[in-house]
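First the structure, in the form of structure tokens, and then the observations on it.
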There are 2 protein chains.
Amino acid sequence: MGEHKVLFLPHNIEIMVRDGENLIRAAIEAGVHINASCGGEGVCGKCRVIIEEGKVEGGITEKLNTEDIQAGYRQACLASIKSDLVVRVPIESAIDASVLKMQSTPRRTAHIKQMDFEELKEKGLFVPPVEKKYLELPEPTIQDNLSDLTRLVSYLKIKHDEHRLEVSLPVIRKIPDILREDGFRVTATLIRPVRDTGKTRISNIQSGNTSDRNYAIAMDIGTTTIYGQLINLITGSVLSEDADFNGQISFGEDVISRIIYAEKPEGLEKLHKAVINTVNKIIKKIIKQAGIDPDEISTITLAGNTTMTQLMLKVNPKYIRRAPYVPAANLYPPLRASDLGMELGNHVIALVYPEVSSYVGGDIVAGVMGSGMYRTDELTLFMDIGTNAEIVIGNREWLACAACSAGPAFEGGGIKFGMRATKGAIEDFSMDPLTFEPMNITIGNVRPKGICGSGLITIVATMFEIGVIDSGGKFNLDLNTRRIREVDDICEYVLAWAEETQIGRDIVLSEPDIDNLIRAKGAMYSGCLTLLEQVGLHIYDIERIFLAGGFGSYVNLEKAMTIGLLPETDVEKVIFIGNGSLLGAKMSSLTNRIRKDVAEVVIKMTNFELSETASYMDNYVAALFLPHTDLNQFPKLKARLDARRAPRK
Amino acid sequence: MGEHKVLFLPHNIEIMVRDGENLIRAAIEAGVHINASCGGEGVCGKCRVIIEEGKVEGGITEKLNTEDIQAGYRQACLASIKSDLVVRVPIESAIDASVLKMQSTPRRTAHIKQMDFEELKEKGLFVPPVEKKYLELPEPTIQDNLSDLTRLVSYLKIKHDEHRLEVSLPVIRKIPDILREDGFRVTATLIRPVRDTGKTRISNIQSGNTSDRNYAIAMDIGTTTIYGQLINLITGSVLSEDADFNGQISFGEDVISRIIYAEKPEGLEKLHKAVINTVNKIIKKIIKQAGIDPDEISTITLAGNTTMTQLMLKVNPKYIRRAPYVPAANLYPPLRASDLGMELGNHVIALVYPEVSSYVGGDIVAGVMGSGMYRTDELTLFMDIGTNAEIVIGNREWLACAACSAGPAFEGGGIKFGMRATKGAIEDFSMDPLTFEPMNITIGNVRPKGICGSGLITIVATMFEIGVIDSGGKFNLDLNTRRIREVDDICEYVLAWAEETQIGRDIVLSEPDIDNLIRAKGAMYSGCLTLLEQVGLHIYDIERIFLAGGFGSYVNLEKAMTIGLLPETDVEKVIFIGNGSLLGAKMSSLTNRIRKDVAEVVIKMTNFELSETASYMDNYVAALFLPHTDLNQFPKLKARLDARRAPRK
């Protein structure tokens with residue numbers, strides 16, 4: 001169990017892996033190339049390795065004869081690591097030491113970092129937004145027959161020093177019976193004001209002592225997927241979580257098609273109901289999973305992009321897609337969850353993340369809050385990579401942000417064999433620098449169906465570094481491999497032959513695909529440059545990068561820098577925060593300090609409409625190269641390219 | 001048209017009356033007795049008078065022959081005054097000058113006084129609770145594409161110096177389209193906080209300039225009847241008003257039966273819906289009558305007794321009727337009218353008058369506010385006379401209050417021929433001090449059906465002053481009149497003979513009826529005494545009396561003092577405020593100053609549970625006489641009685 005040490009020979013690279021890890025995945029993690037076209041189903045039979053020491057499970061197929069098996073040969077893609085290993089990759093062609101040196105560096109994804117409850121407390125950021133107070137009230141007598149509510153409020157003052165209290169109708173409706181249910185022993189739920197000048201709201205009252213049960217919900221309202229977490233406000237832990245596709249998908253895949261649908265008769269109502277239905281499904285599931293009493297939930301915090309937020313609130317989003325792109329509101333007041341159609345007690349307050357602009361929404365603001373970038377001294381770049389990509393640059397002093405229309409390449413859109421990051425997508429890749437044979441790693445270790453965004457980045461970066469494509473994204477047709485070919489005047493590289501795939505066709509990467517990726521990464525990178533220029537800074541000044549969104553967790557950071565998607569920095573400085581929107585919603589559920597800060601942050605975040613910023617187009621055109629017209633912005637890559645290409649002359 | 005002068009002979013009493021006034025009503029107003037049993041339908045034929053000068057319409061019946069008519073005889077009950085008149089009341093028995101002197105004094109009802117808008121302004125009490133601000137916003141551009149709401153809020157700051165604004169979901173939902181409807185010319189409705197530390201709420205937004213249209217609704221939620229007014233907040237005038245029976249009546253006539261019904265399954269829900277249905281009917285009618293756009297209404301202010309208030313809010317009232325009589329709340333927060341089921345825009349705020357206790361409710365607090373007694377230096381008695389009667393005593397410094405279970409006598413309950421003040425009820429009365437013949441005046445001038453509360457007070461007071469009953473409420477059986485008789489051991493006085501009535505039976509007032517009235521007035525008077533004792537004051541110290549409720553407008557003040565219902569004061573000091581509950585609701589709609597004051601007033605109002613106050617029972621027993629055991633508390637009456645009775649010895 002636990003971890004095992006795997007030594008790859010002749011590379012002499014050692015890596016630690018989890019027990020049961022697939023051997024071909026361990027190789028690509030280590031940066032060891034093994035030819036493998038079929039993605040890991042044992043079909044191509046190319047990924048033969050020799051287990052010199054230790055034990056694997058599986059890896060024996062009809063493609064290996066008895067002799068091979070006794071000699072220790074296994075198919076890496078089907079072998080699970082069960083002990084420390086010494087694995088030899090057979091050198092079937094004459095490769096000299098320099099080739100071994102040319103292997104990719106170990107795969108580097110971003111560190112995952114999320115602030116936790118203890119850290120909040122340590123940093124003095126913990127200001128409980130909801131507290132429960134237990135009271136044993138004296139029973140009324142004819143000499144002391146104040147109203148039930150006045151009794152409660154008076155004793156909250158006397159016993160807990162609570163002042164400036166306000167109360168809602170549901171509490172007034174409950175109070176007479178609740179007080180008498182357990183002999184005037186009650187617990188009051190107090191929702192604290194975000195600002196000190198506000199009032200504390202008595203949001204609920206329960207009989208007996210329930211002060212050890214106090215919960216909140218955090219939600220990310222994504223265009224595609226909605227995520228929810230049930231949070232224990234006393235421990236800060238996540239008790240349960242769930243995700244589901246946003247029910248609006250049937251009305252259109254992206255925000256623009258949703259906005260258009262919302263303009264149809266009943267369209268807004270339908271979209272509103274669809275998202276609320278999904279929210280309710282998730283609420284129901286996470287409550288059930290956690291096994292708590294729904295009456296103990298006090299708040300729900302929601303973050304989404306501007307369109308998702310307006311649809312959730314049933315606010316017509318039509319002006320979001322028309323110049324000058326005006327959202328209905330930046331800051332939203334605390335709302336009643338039941339007013340939005342959420343199936344939660346009518347005492348539950350819904351907190352909705354504010355928006356900066358029509359295309360820098362609450363999801364990004366939540367990411368800024370959740371990552372803590374608004375509190376740091378370091379110059380930080382926050383990126384949410386996707387079709388609607390957003391960039392925030394700044395620190396505790398200032399924040400500049402912009403939305404980039406990167407196009408759908410990162411999600412597999414506009415790519416001939418592009419697909420979402422689901423089973424069968426090539427998500428990782430390596431290439432033999434002499435034979436140009438591929439090593440395809442697919443999600444689920446099955447035969448490939450297509451290429452997902454993170455795979456695409458790695459493929460293009462690898463090909464560029466090896467010299468299969470040039471900085472303009474064009475194939476070198478002089479290379480000695482049948483995988484590079486021209487079909488109908490379009491150059492392409494065959495990643496997997498038809499018989500190795502699930503789709504029965506050759507899976508290829510073509511020059512137009514590469515063009516699309518270059519345009520997508522160019523849009524993002526030039527967005528960064530343009531924002532930096534606006535504040536008189538350079539790309540070298542960036543000290544920290546936060547990546548948000550599902551995409552960020554899989555992307556090979558060095559490859560992303562190689563194609564010029566990310567500015568070149570020490571990968572240690574890149575931090576992956578996961579679903580930043582959900583993280584921000586969770587942080588706001590845990591502490592009022594974040595809720596207070598967010599109102600200031602959203603005002604501080606200066607929005608740039610890139611299409612209206614003169615230098616953006618120049619920056620964009622300059623970024624339409626691998627990695628960039630100005631290679632000096634990528635000094636490490638420049639050095640690597642120089643080093644590698646020199647001996648080949 | 002206009003007014004006419006009427007001189008009654010031989011009394012030589014002159015009175016001014018409206019054109020068309022009924023002659024017999026003019027007589028009783030003047031304090032002139034004319035025998036009249038039948039209530040004004042010409043049946044008894046006793047009210048013959050001679051028109052010596054001037055012109056009347058009607059008054060000729062078959063009971064008068066041609067000679068009589070030519071001589072100027074008319075039946076007063078059927079004659080309308082059409083010019084200045086000289087009217088002689090025929091003296092059919094030998095009455096000397098002293099008898100004429102013994103006529104009742106002119107009927108004195110309370111002055112009607114309601115504070116108006118101008119007075120509020122003069123007294124510096126006008127703090128507008130709702131204001132509308134018109135704005136011409138700059139249209140957004142790509143360089144200035146803040147959200148619609150941020151634009152509105154910013155310009156409210158810049159142009160109108162408005163700070164600390166909050167907004168509600170309905171406004172966010174409306175704002176994108178409303179801003180663009182009339183080129184970013186909009187009017188914002190601002191609801192001011194009651195306390196300076198609160199926030200101003202942007203409750204509505206309308207396109208164009210609507211700042212000259214600003215309305216509110218005031219309502220009195222009575223157990224029997226609900227009254228509503230639509231108020232123009234710019235002029236302070238009442239644009240329309242309406243009343244309807246509280247739809248809860250079918251579930252029980254009084255608060256106790258409603259509380260019992262509310263404990264049945266679905267009972268609370270049914271009662272809540274019933275009252276809200278009536279409220280909605282009235283809202284619809286007054287909006288239609290006034291011809292305004294419902295969207296222009298910003299607030300609805302409601303006052304009712306504690307049970308009515310809780311039922312309206314759907315708060316179980318069951319603990320109101322159980323010792324120690326605890327209401328759910330004293331102060332209610334501002335609520336959303338639509339949350340209560342009211343058919344008003346969801347921007348409309350419902351303000352609910354606070355309660356002092358289970359039996360001193362929002363209707364009384366509203367009366368205290370509307371009358372202005374909480375601002376006066378004079379020691380003031382506030383009385384709402386009825387089955388559930390309430391008393392408030394105090395001034396700007398302090399306020400003491402109590403509920404008295406007077407029983408239903410004032411509403412005709414527990415009286416053999418008692419009835420509500422509707423058509424056919426004897427509402428006024430006079431008696432010939434020598435013949436003991438009655439003068440019955442009925443509501444609607446029709447043959448009598450029974451006796452209403454105000455009639456009962458006048459009858460008993462008149463009989464007491466003439467000596468027909470003694471201070472214990474017992475008939476003097478030695479008097480020479482067949483109207484006083486004993487039936488089944490019960491003494492009674494025949495007000496109208498069977499043939500003169502609508503019911504075909506003799507209408508009588510019996511000793512048990514008088515007992516009931518004495519107990520009712522005794523309860524109220526001893527309530528006053530007990531409250532005064534608690535604060536170390538005497539009945540003589542009262543400087544001002546406010547009467548509230550429908551009852552108060554009809555009651556003959558001197559008669560009410562004669563029976564000991566009201567303390568004896570100069571009638572000029574008694575002010576009738578009409579429906580105090582509605583008045584208070586209206587005042588709170590007009591100025592935040594009243595809304596601010598009310599929270600302090602309700603805390604200041606010290607409630608006494610009379611049943612738990614030791615001296616109450618002693619005071620009650622002492623009050624079970626006409627007017628009281630201690631005649632010194634009624635010095636004027638004592639003087640009158642001494643003067644009248646002396647010559648008859």
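Ordering of the structure tokens sets the chain letters (A, B, ...), residue numbers begin anew at 1 in every chain, and ligands are numbered from 1 in the order given.
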
- Query: In Å, how much C-alpha RMSD is there between chain A and chain B after the fit, with all atoms paired in order?
  - Reply: 0.1 Å

Chain A contacts on chain B, only C-alpha atoms, 6 Å, as a compact mmCIF listing (two decimals) with N, CA and C atoms, in the first residue's frame:
```txt
# COMPACT_ATOMS: atom_id res chain seq x y z
N THR B 141 -21.85 54.24 -21.79
CA THR B 141 -21.03 54.08 -22.99
C THR B 141 -20.03 52.98 -22.68
N ILE B 142 -19.27 52.62 -23.66
CA ILE B 142 -18.31 51.54 -23.44
C ILE B 142 -17.23 51.98 -22.44
N ASN B 145 -19.50 51.87 -18.43
CA ASN B 145 -20.55 50.84 -18.47
C ASN B 145 -20.74 50.16 -17.13
N SER B 147 -22.89 49.07 -13.88
CA SER B 147 -24.20 48.44 -13.88
C SER B 147 -25.28 49.50 -13.73
N ASP B 148 -26.48 49.14 -14.15
CA ASP B 148 -27.62 50.04 -14.05
C ASP B 148 -27.85 50.50 -12.62
N LEU B 149 -27.76 49.56 -11.71
CA LEU B 149 -28.04 49.90 -10.31
C LEU B 149 -26.97 50.83 -9.76
N ARG B 173 -34.83 43.63 -10.53
CA ARG B 173 -35.47 42.97 -11.67
C ARG B 173 -36.03 43.98 -12.68
N PRO B 176 -33.18 47.21 -15.46
CA PRO B 176 -32.63 47.30 -16.82
C PRO B 176 -33.64 47.87 -17.82
N VAL B 315 -49.96 34.59 12.94
CA VAL B 315 -49.22 34.22 14.15
C VAL B 315 -50.27 33.67 15.12
N PRO B 324 -50.61 33.58 31.42
CA PRO B 324 -50.61 35.02 31.74
C PRO B 324 -50.75 35.96 30.54
N VAL B 326 -49.95 36.25 27.07
CA VAL B 326 -48.72 36.72 26.44
C VAL B 326 -48.91 36.84 24.92
N PRO B 327 -48.73 38.02 24.37
CA PRO B 327 -48.77 38.13 22.91
C PRO B 327 -47.44 37.67 22.30
N ALA B 328 -47.43 37.45 21.00
CA ALA B 328 -46.21 36.96 20.34
C ALA B 328 -45.13 38.03 20.31
N ALA B 329 -45.54 39.27 20.06
CA ALA B 329 -44.54 40.33 19.90
C ALA B 329 -45.15 41.64 20.33
N ASN B 330 -44.29 42.58 20.69
CA ASN B 330 -44.76 43.94 20.93
C ASN B 330 -44.54 44.78 19.67
```

- Item | atom CA of Ala26 of chain B to atom CA of Glu465 of chain B, straight-line distance in Å |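 Going from atom CA of Glu465 of chain B over to atom CA of Ala26 of chain B, I get 21.8 Å.
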
- Query: Pick from A:Lys264, A:Lys82, A:Lys133, A:Lys270: nearest to Gln206 of chain A, with only C-alpha atoms counted?
  - Reply: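 Result for the nearest residue to Gln206 of chain A: A:Lys133.
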
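Remark: for Phe251 of chain A, the closest of the candidate residues A:Ala274, A:Ile191, A:Cys401, A:Leu233 is A:Ala274 (distances computed over only C-alpha atoms).
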
- Message: So the first atom is atom CA of Asn204 of chain A and the second is atom CA of Glu181 of chain A; what is the distance between them in Å, to one decimal place?
- Response: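 Atom CA of Asn204 of chain A sits 14.9 Å away from atom CA of Glu181 of chain A.
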
- Message: Need to verify the contact set: Gly345 of chain A, 12 Å, only C-alpha atoms, exclusion of same-chain residues closer than 2 positions in sequence. Can you return it as a count of residues only?
- Response: 25

- Item | Surrounding residues of Gly413 of chain B excluding itself and chain neighbours under 4 positions, 12 Å, only C-alpha atoms, as a list of chain:residue names |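 These residues fall inside the cut-off: B:Gly386, B:Thr387, B:Ala406, B:Gly407, B:Pro408, B:Ala409, B:Phe417, B:Gly418, B:Met419, B:Arg420, B:Ala421, B:Gly450, B:Ile451, B:Cys452, B:Gly453, B:Leu456, B:Asp513, B:Asn516, B:Leu517, B:Ala520.
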
Selected residues written out with N, CA and C atoms, as a short mmCIF file (atom, residue, chain, number, x, y, z; two decimals), in the first residue's frame:
```cif
data_model
loop_
_atom_site.label_atom_id
_atom_site.label_comp_id
_atom_site.auth_asym_id
_atom_site.auth_seq_id
_atom_site.Cartn_x
_atom_site.Cartn_y
_atom_site.Cartn_z
N GLY B 386 -66.30 50.03 24.48
CA GLY B 386 -66.86 48.91 23.74
C GLY B 386 -66.80 47.68 24.61
N THR B 387 -67.09 46.53 24.03
CA THR B 387 -67.07 45.28 24.80
C THR B 387 -65.67 45.06 25.36
N ALA B 406 -65.70 45.24 29.86
CA ALA B 406 -66.92 45.96 30.21
C ALA B 406 -68.15 45.10 29.95
N GLY B 407 -67.98 44.07 29.18
CA GLY B 407 -69.15 43.30 28.77
C GLY B 407 -69.84 44.00 27.60
N PRO B 408 -70.81 43.33 27.02
CA PRO B 408 -71.33 43.82 25.74
C PRO B 408 -72.43 44.86 25.84
N ALA B 409 -72.70 45.41 27.04
CA ALA B 409 -73.85 46.32 27.19
C ALA B 409 -73.77 47.51 26.23
N PHE B 417 -83.81 44.35 25.18
CA PHE B 417 -84.10 44.84 23.83
C PHE B 417 -82.88 45.55 23.22
N GLY B 418 -81.72 45.14 23.69
CA GLY B 418 -80.49 45.76 23.18
C GLY B 418 -80.22 45.37 21.73
N MET B 419 -79.61 46.24 21.01
CA MET B 419 -79.24 45.96 19.61
C MET B 419 -78.06 46.84 19.22
N ARG B 420 -77.41 46.48 18.11
CA ARG B 420 -76.34 47.33 17.61
C ARG B 420 -76.92 48.63 17.07
N ALA B 421 -76.07 49.61 16.87
CA ALA B 421 -76.52 50.94 16.43
C ALA B 421 -76.86 50.91 14.95
N GLY B 450 -85.37 48.38 19.04
CA GLY B 450 -84.64 48.08 20.27
C GLY B 450 -83.87 49.31 20.70
N ILE B 451 -82.85 49.07 21.53
CA ILE B 451 -82.09 50.17 22.13
C ILE B 451 -80.60 49.92 21.84
N CYS B 452 -79.90 50.93 21.33
CA CYS B 452 -78.46 50.76 21.15
C CYS B 452 -77.72 51.37 22.34
N GLY B 453 -76.42 51.21 22.37
CA GLY B 453 -75.61 51.62 23.51
C GLY B 453 -75.77 53.08 23.89
N LEU B 456 -79.11 53.71 25.36
CA LEU B 456 -79.20 53.15 26.71
C LEU B 456 -78.63 54.10 27.75
N ASP B 513 -81.42 45.14 32.89
CA ASP B 513 -80.71 45.88 31.84
C ASP B 513 -79.88 47.00 32.47
N ASN B 516 -76.84 45.73 34.11
CA ASN B 516 -75.77 45.42 33.14
C ASN B 516 -75.02 46.67 32.73
N LEU B 517 -75.77 47.73 32.50
CA LEU B 517 -75.11 48.97 32.10
C LEU B 517 -74.24 49.49 33.25
N ALA B 520 -71.10 47.60 33.36
CA ALA B 520 -70.21 47.97 32.25
C ALA B 520 -69.52 49.30 32.53
#
```

Nearby residues (only C-alpha atoms) at most 10 Å from Leu165 of chain B, same-chain spacing under 6 positions excluded, as a PDB file with N, CA and C atoms, in the first residue's frame:
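The file below, part_2.pdb, is the result:
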```pdb
ATOM      1  N   VAL B 153     -27.600  54.514  -8.177  1.00  0.00           N
ATOM      2  CA  VAL B 153     -27.175  54.840  -6.816  1.00  0.00           C
ATOM      3  C   VAL B 153     -26.170  55.991  -6.833  1.00  0.00           C
ATOM      4  N   LEU B 156     -28.001  59.210  -7.493  1.00  0.00           N
ATOM      5  CA  LEU B 156     -28.787  59.629  -6.321  1.00  0.00           C
ATOM      6  C   LEU B 156     -27.867  60.325  -5.319  1.00  0.00           C
ATOM      7  N   LYS B 157     -26.629  59.844  -5.255  1.00  0.00           N
ATOM      8  CA  LYS B 157     -25.637  60.498  -4.379  1.00  0.00           C
ATOM      9  C   LYS B 157     -25.277  61.870  -4.921  1.00  0.00           C
ATOM     10  N   LEU B 190     -38.002  56.389  -2.602  1.00  0.00           N
ATOM     11  CA  LEU B 190     -37.109  56.150  -1.465  1.00  0.00           C
ATOM     12  C   LEU B 190     -37.931  56.039  -0.184  1.00  0.00           C
ATOM     13  N   ILE B 191     -37.807  54.920   0.480  1.00  0.00           N
ATOM     14  CA  ILE B 191     -38.479  54.758   1.775  1.00  0.00           C
ATOM     15  C   ILE B 191     -37.448  55.064   2.852  1.00  0.00           C
ATOM     16  N   ARG B 192     -37.759  56.057   3.660  1.00  0.00           N
ATOM     17  CA  ARG B 192     -36.802  56.509   4.676  1.00  0.00           C
ATOM     18  C   ARG B 192     -36.805  55.567   5.867  1.00  0.00           C
ATOM     19  N   GLY B 198     -30.618  53.919  10.224  1.00  0.00           N
ATOM     20  CA  GLY B 198     -31.035  52.935   9.226  1.00  0.00           C
ATOM     21  C   GLY B 198     -30.691  53.370   7.815  1.00  0.00           C
ATOM     22  N   LYS B 199     -31.059  52.527   6.869  1.00  0.00           N
ATOM     23  CA  LYS B 199     -30.773  52.820   5.475  1.00  0.00           C
ATOM     24  C   LYS B 199     -32.042  53.258   4.754  1.00  0.00           C
ATOM     25  N   THR B 200     -31.844  54.089   3.749  1.00  0.00           N
ATOM     26  CA  THR B 200     -32.949  54.457   2.865  1.00  0.00           C
ATOM     27  C   THR B 200     -33.100  53.359   1.826  1.00  0.00           C
ATOM     28  N   ARG B 201     -34.325  52.891   1.650  1.00  0.00           N
ATOM     29  CA  ARG B 201     -34.556  51.785   0.735  1.00  0.00           C
ATOM     30  C   ARG B 201     -35.095  52.300  -0.598  1.00  0.00           C
ATOM     31  N   ILE B 202     -34.434  51.947  -1.670  1.00  0.00           N
ATOM     32  CA  ILE B 202     -34.986  52.244  -2.997  1.00  0.00           C
ATOM     33  C   ILE B 202     -36.046  51.180  -3.231  1.00  0.00           C
TER      34      ILE B 202
END
```

- Residue contacts of Ser80 of chain B (7 Å, only C-alpha atoms) excluding same-chain residues fewer than 6 positions away, as a list in words: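 My list of contacting residues is Gly20, Glu21, Asn22, Leu23, Val56, Glu57 and Gly58 of chain B.
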
Mind dumping the selected residues with N, CA and C atoms as a PDB file, in the first residue's frame?
```
ATOM      1  N   GLY B  20     -83.453  70.965   5.944  1.00  0.00           N
ATOM      2  CA  GLY B  20     -83.969  69.603   5.759  1.00  0.00           C
ATOM      3  C   GLY B  20     -83.915  68.762   7.017  1.00  0.00           C
ATOM      4  N   GLU B  21     -83.360  69.290   8.108  1.00  0.00           N
ATOM      5  CA  GLU B  21     -83.255  68.512   9.347  1.00  0.00           C
ATOM      6  C   GLU B  21     -84.657  68.148   9.840  1.00  0.00           C
ATOM      7  N   ASN B  22     -84.765  66.982  10.417  1.00  0.00           N
ATOM      8  CA  ASN B  22     -86.013  66.504  10.992  1.00  0.00           C
ATOM      9  C   ASN B  22     -86.327  67.343  12.234  1.00  0.00           C
ATOM     10  N   LEU B  23     -87.602  67.743  12.387  1.00  0.00           N
ATOM     11  CA  LEU B  23     -87.957  68.665  13.467  1.00  0.00           C
ATOM     12  C   LEU B  23     -87.811  68.038  14.855  1.00  0.00           C
ATOM     13  N   VAL B  56     -92.255  74.130   6.908  1.00  0.00           N
ATOM     14  CA  VAL B  56     -91.708  72.773   6.989  1.00  0.00           C
ATOM     15  C   VAL B  56     -92.259  71.962   5.827  1.00  0.00           C
ATOM     16  N   GLU B  57     -91.582  70.859   5.555  1.00  0.00           N
ATOM     17  CA  GLU B  57     -92.059  69.946   4.507  1.00  0.00           C
ATOM     18  C   GLU B  57     -92.555  68.713   5.240  1.00  0.00           C
ATOM     19  N   GLY B  58     -93.715  68.187   4.867  1.00  0.00           N
ATOM     20  CA  GLY B  58     -94.243  66.977   5.503  1.00  0.00           C
ATOM     21  C   GLY B  58     -94.825  67.283   6.867  1.00  0.00           C
TER      22      GLY B  58
END
```

- Cys528 of chain B: which residues within 9 Å, counting only C-alpha atoms, same-chain residues fewer than 3 positions away excluded, as a list in words?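 Contacts, in chain order: Leu381, Ile391, Val392, Ile393, Cys401, Ala402, Ala523, Met524, Tyr525, Leu531, Leu532, Glu533, Ile539 and Pro567 of chain B.
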
Can I get the selection written as a compact mmCIF listing (two decimals), in the first residue's frame, with N, CA and C atoms?
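The result, stored in part02.txt:
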```
# COMPACT_ATOMS: atom_id res chain seq x y z
N LEU B 381 -57.06 61.36 29.57
CA LEU B 381 -57.68 60.03 29.61
C LEU B 381 -58.10 59.69 28.19
N ILE B 391 -58.38 51.71 28.24
CA ILE B 391 -58.16 53.01 28.84
C ILE B 391 -56.67 53.29 28.80
N VAL B 392 -56.33 54.50 28.45
CA VAL B 392 -54.94 54.94 28.58
C VAL B 392 -54.99 56.26 29.35
N ILE B 393 -54.13 56.42 30.33
CA ILE B 393 -54.05 57.67 31.08
C ILE B 393 -52.59 58.11 31.08
N CYS B 401 -51.86 52.02 30.95
CA CYS B 401 -53.01 51.54 30.19
C CYS B 401 -53.54 50.24 30.75
N ALA B 402 -54.77 49.96 30.41
CA ALA B 402 -55.41 48.73 30.87
C ALA B 402 -56.57 48.41 29.95
N ALA B 523 -67.03 49.05 35.36
CA ALA B 523 -65.76 48.43 34.99
C ALA B 523 -64.82 49.48 34.40
N MET B 524 -65.36 50.33 33.53
CA MET B 524 -64.51 51.31 32.88
C MET B 524 -64.07 52.39 33.85
N TYR B 525 -65.03 52.88 34.63
CA TYR B 525 -64.71 53.97 35.55
C TYR B 525 -63.70 53.50 36.60
N LEU B 531 -56.03 52.91 37.56
CA LEU B 531 -54.81 53.39 36.89
C LEU B 531 -54.30 54.66 37.57
N LEU B 532 -55.24 55.56 37.86
CA LEU B 532 -54.84 56.82 38.49
C LEU B 532 -54.20 56.56 39.85
N GLU B 533 -54.78 55.67 40.62
CA GLU B 533 -54.21 55.32 41.93
C GLU B 533 -52.78 54.79 41.80
N ILE B 539 -59.12 61.42 40.09
CA ILE B 539 -59.99 61.61 38.93
C ILE B 539 -60.12 63.10 38.59
N PRO B 567 -65.58 60.44 33.74
CA PRO B 567 -65.42 61.34 34.88
C PRO B 567 -66.03 62.70 34.52
```

- Could you tell me how far atom CA of Gly228 of chain B lies from atom CA of Gly584 of chain B, in Å and to one decimal?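 We find that atom CA of Gly228 of chain B and atom CA of Gly584 of chain B lie 12.1 Å from each other.
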
- Task: Mind the document's chain letters and residue numbers, and return as a PyMOL selection string the residues of segment 251-315 of chain B that DSSP labels alpha helix (DSSP H).
- Result: chain B and resi 255-262+267-290+306-313

- Just asking: which residues within segment 102-222 of chain B are strand (DSSP E) according to DSSP, as a VMD selection string? chain B and resid 111 to 112 130 to 136 165 to 167 185 to 191 200 to 207 215 to 221
